[in-house]
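Here's the structure we're looking at; comments come further down.
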Amino acid sequence: MIEVVHRDDLSAVIHVIEQAIHQSLAVSKDEADSLVAGCVDEGLKSLLDPSGYIFLLYRQQQQVVGVVLLKPDNGLSSLFVDPAYHRKGIASALLQSALTLRFKDDPTAIIRLNASTYAEPFYRHYGFQQDGEKKNLPGGCIPFSAPINTLIIR
């Protein structure tokens, strides 16, 4: 079930982000912790001032197993699924829900993101196009973008 993230969900959301980063990216523990901290910081901003943010979680049997955060500037900041739940359609469902909500307010939005090397195939499959050079950062940093109307499943 997909629902809006609330403050009391934060520890479960952080756990999902930690699991996904630590288990899916070939980075050091310090690099992984830094990536987690950046994601958590953006999530906290959205909880303190939610205007324009779309912050959703996927709950299965009372457990948070996925999270997505779309920023007011249409940047996809976070899309993480607990590795134990990968390849079950959870990331696609979360992304589609966030995009559908944004489309209602901004049908001409261009969605932008920086993908990890691990997530690159997912975003290409979804219809995102690489729009810059890969940056040599922990986990990879590949810029992608796509018009929202090409991503929405209607």
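If you're wondering about the labels, chains in the structure tokens are A, B, ... by order shown, residues count from 1 in each chain, ligands from 1 in order shown.
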
**OP:** Write down as a ChimeraX atom specification the residues belonging to segment 6-154 of chain A that are assigned alpha helix (DSSP H) by DSSP computed on the backbone.
**Re:** /A:10-24,29-48,90-105,120-126,148-151

#### Entry: DSSP strand (DSSP E) residues within segment 4-146 of chain A, as a PyMOL selection string
chain A and resi 4+54-60+63-70+76-81+110-115+129-130+142-146

Requested in this report: Considering only C-alpha atoms, return as a ChimeraX atom specification whatever protein or nucleic-acid residues lie within 10 Å of Ile2 of chain A, sequence-local ones (same chain, fewer than 5 positions apart) excluded.
Outcome: /A:56-60,64,66-67,90,93-94,97-98

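Each of A:Ser34, A:Asn149, A:Ser77, A:Ser116 was compared to Asn136 of chain A using only C-alpha atoms, and A:Ser116 turns out to be the nearest.
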
Q) Which residues, written as a list of chain:residue names, have at least one atom at most 12 Å from Leu151 of chain A, with only C-alpha atoms counted and residues fewer than 3 positions away on the same chain left out? A) A:Ser92, A:Leu95, A:Gln96, A:Ser97, A:Ala98, A:Leu99, A:Thr100, A:Arg102, A:Phe103, A:Pro107, A:Thr108, A:Ala109, A:Ile110, A:Ile111, A:Arg112, A:Tyr123, A:Arg124, A:His125, A:Tyr126, A:Gly127, A:Phe128, A:Gln129, A:Ser145, A:Ala146, A:Pro147, A:Ile148, A:Arg154

Dump as a PDB file, in the first residue's frame, selection limited to C-alpha atoms:
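Result saved to out35.pdb:
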ATOM      1  CA  SER A  92       7.703   1.273 -10.327  1.00  0.00           C
ATOM      2  CA  LEU A  95       7.515   6.239  -9.011  1.00  0.00           C
ATOM      3  CA  GLN A  96       4.222   6.058 -10.893  1.00  0.00           C
ATOM      4  CA  SER A  97       2.293   7.323  -7.841  1.00  0.00           C
ATOM      5  CA  ALA A  98       4.653  10.266  -7.355  1.00  0.00           C
ATOM      6  CA  LEU A  99       4.561  11.150 -11.059  1.00  0.00           C
ATOM      7  CA  THR A 100       0.768  10.947 -11.188  1.00  0.00           C
ATOM      8  CA  ARG A 102       2.941  15.795  -9.841  1.00  0.00           C
ATOM      9  CA  PHE A 103       1.271  15.531 -13.270  1.00  0.00           C
ATOM     10  CA  PRO A 107       1.604  18.344 -16.682  1.00  0.00           C
ATOM     11  CA  THR A 108       4.604  19.839 -18.517  1.00  0.00           C
ATOM     12  CA  ALA A 109       7.175  19.015 -15.821  1.00  0.00           C
ATOM     13  CA  ILE A 110      10.574  17.667 -16.758  1.00  0.00           C
ATOM     14  CA  ILE A 111      11.623  15.094 -14.165  1.00  0.00           C
ATOM     15  CA  ARG A 112      15.351  15.075 -13.415  1.00  0.00           C
ATOM     16  CA  TYR A 123      15.549   4.430 -15.232  1.00  0.00           C
ATOM     17  CA  ARG A 124      16.458   3.643 -18.845  1.00  0.00           C
ATOM     18  CA  HIS A 125      13.738   0.976 -18.932  1.00  0.00           C
ATOM     19  CA  TYR A 126      11.264   3.467 -17.470  1.00  0.00           C
ATOM     20  CA  GLY A 127      11.945   5.930 -20.309  1.00  0.00           C
ATOM     21  CA  PHE A 128      14.436   8.367 -18.829  1.00  0.00           C
ATOM     22  CA  GLN A 129      17.207   9.602 -21.130  1.00  0.00           C
ATOM     23  CA  SER A 145      15.600  13.455 -17.398  1.00  0.00           C
ATOM     24  CA  ALA A 146      12.271  12.929 -19.126  1.00  0.00           C
ATOM     25  CA  PRO A 147       9.062  14.865 -19.727  1.00  0.00           C
ATOM     26  CA  ILE A 148       6.512  13.709 -17.188  1.00  0.00           C
ATOM     27  CA  ARG A 154      -2.618   6.236 -18.128  1.00  0.00           C
TER      28      ARG A 154
END

Discussion item. Can you tell me which residues surround Tyr118 of chain A at a distance of at most 12 Å, considering only C-alpha atoms, apart from same-chain residues fewer than 5 positions away, and format the answer as JSON, numbers by chain?
Written reply: {"A": [20, 21, 22, 23, 24, 25, 26, 27, 80, 83, 123, 124, 138, 139, 140, 141, 142]}

What does the file look like for those residues with N, CA and C atoms, as a compact mmCIF listing (two decimals), in the first residue's frame?
# COMPACT_ATOMS: atom_id res chain seq x y z
N ALA A 20 19.04 -0.22 1.37
CA ALA A 20 19.20 -0.14 -0.09
C ALA A 20 20.60 0.34 -0.46
N ILE A 21 21.08 1.38 0.19
CA ILE A 21 22.40 1.92 -0.16
C ILE A 21 23.51 0.96 0.26
N HIS A 22 23.47 0.47 1.47
CA HIS A 22 24.54 -0.40 1.95
C HIS A 22 24.61 -1.72 1.19
N GLN A 23 23.47 -2.24 0.74
CA GLN A 23 23.48 -3.55 0.08
C GLN A 23 23.56 -3.48 -1.45
N SER A 24 23.22 -2.32 -2.03
CA SER A 24 23.13 -2.26 -3.50
C SER A 24 24.29 -1.51 -4.16
N LEU A 25 25.00 -0.70 -3.40
CA LEU A 25 26.07 0.09 -4.00
C LEU A 25 27.44 -0.39 -3.54
N ALA A 26 28.37 -0.44 -4.46
CA ALA A 26 29.73 -0.86 -4.15
C ALA A 26 30.53 0.36 -3.68
N VAL A 27 30.26 0.77 -2.44
CA VAL A 27 30.94 1.93 -1.85
C VAL A 27 31.39 1.56 -0.43
N PHE A 80 14.00 4.35 -3.21
CA PHE A 80 14.68 3.21 -2.60
C PHE A 80 13.69 2.14 -2.21
N PRO A 83 16.28 -4.14 -0.33
CA PRO A 83 16.74 -5.17 -1.26
C PRO A 83 15.99 -6.51 -1.16
N TYR A 123 15.98 3.14 -14.68
CA TYR A 123 15.55 4.43 -15.23
C TYR A 123 15.52 4.41 -16.76
N ARG A 124 16.48 3.76 -17.38
CA ARG A 124 16.46 3.64 -18.84
C ARG A 124 15.21 2.87 -19.29
N PRO A 138 30.75 8.43 -5.48
CA PRO A 138 30.43 7.13 -4.87
C PRO A 138 29.06 6.61 -5.33
N GLY A 139 29.04 5.40 -5.83
CA GLY A 139 27.79 4.79 -6.28
C GLY A 139 27.44 5.13 -7.71
N GLY A 140 28.14 6.10 -8.28
CA GLY A 140 27.83 6.57 -9.62
C GLY A 140 26.86 7.72 -9.56
N CYS A 141 26.89 8.55 -10.54
CA CYS A 141 26.00 9.72 -10.59
C CYS A 141 25.75 10.02 -12.06
N ILE A 142 24.67 9.46 -12.58
CA ILE A 142 24.36 9.57 -14.00
C ILE A 142 23.11 10.43 -14.14

### Query
Counting only C-alpha atoms, what is within 10 Å of Val40 of chain A, bar same-chain residues fewer than 3 positions away, as an NGL selection string?
:A and (10-11 or 13-14 or 17-18 or 34-37 or 43-46 or 78)
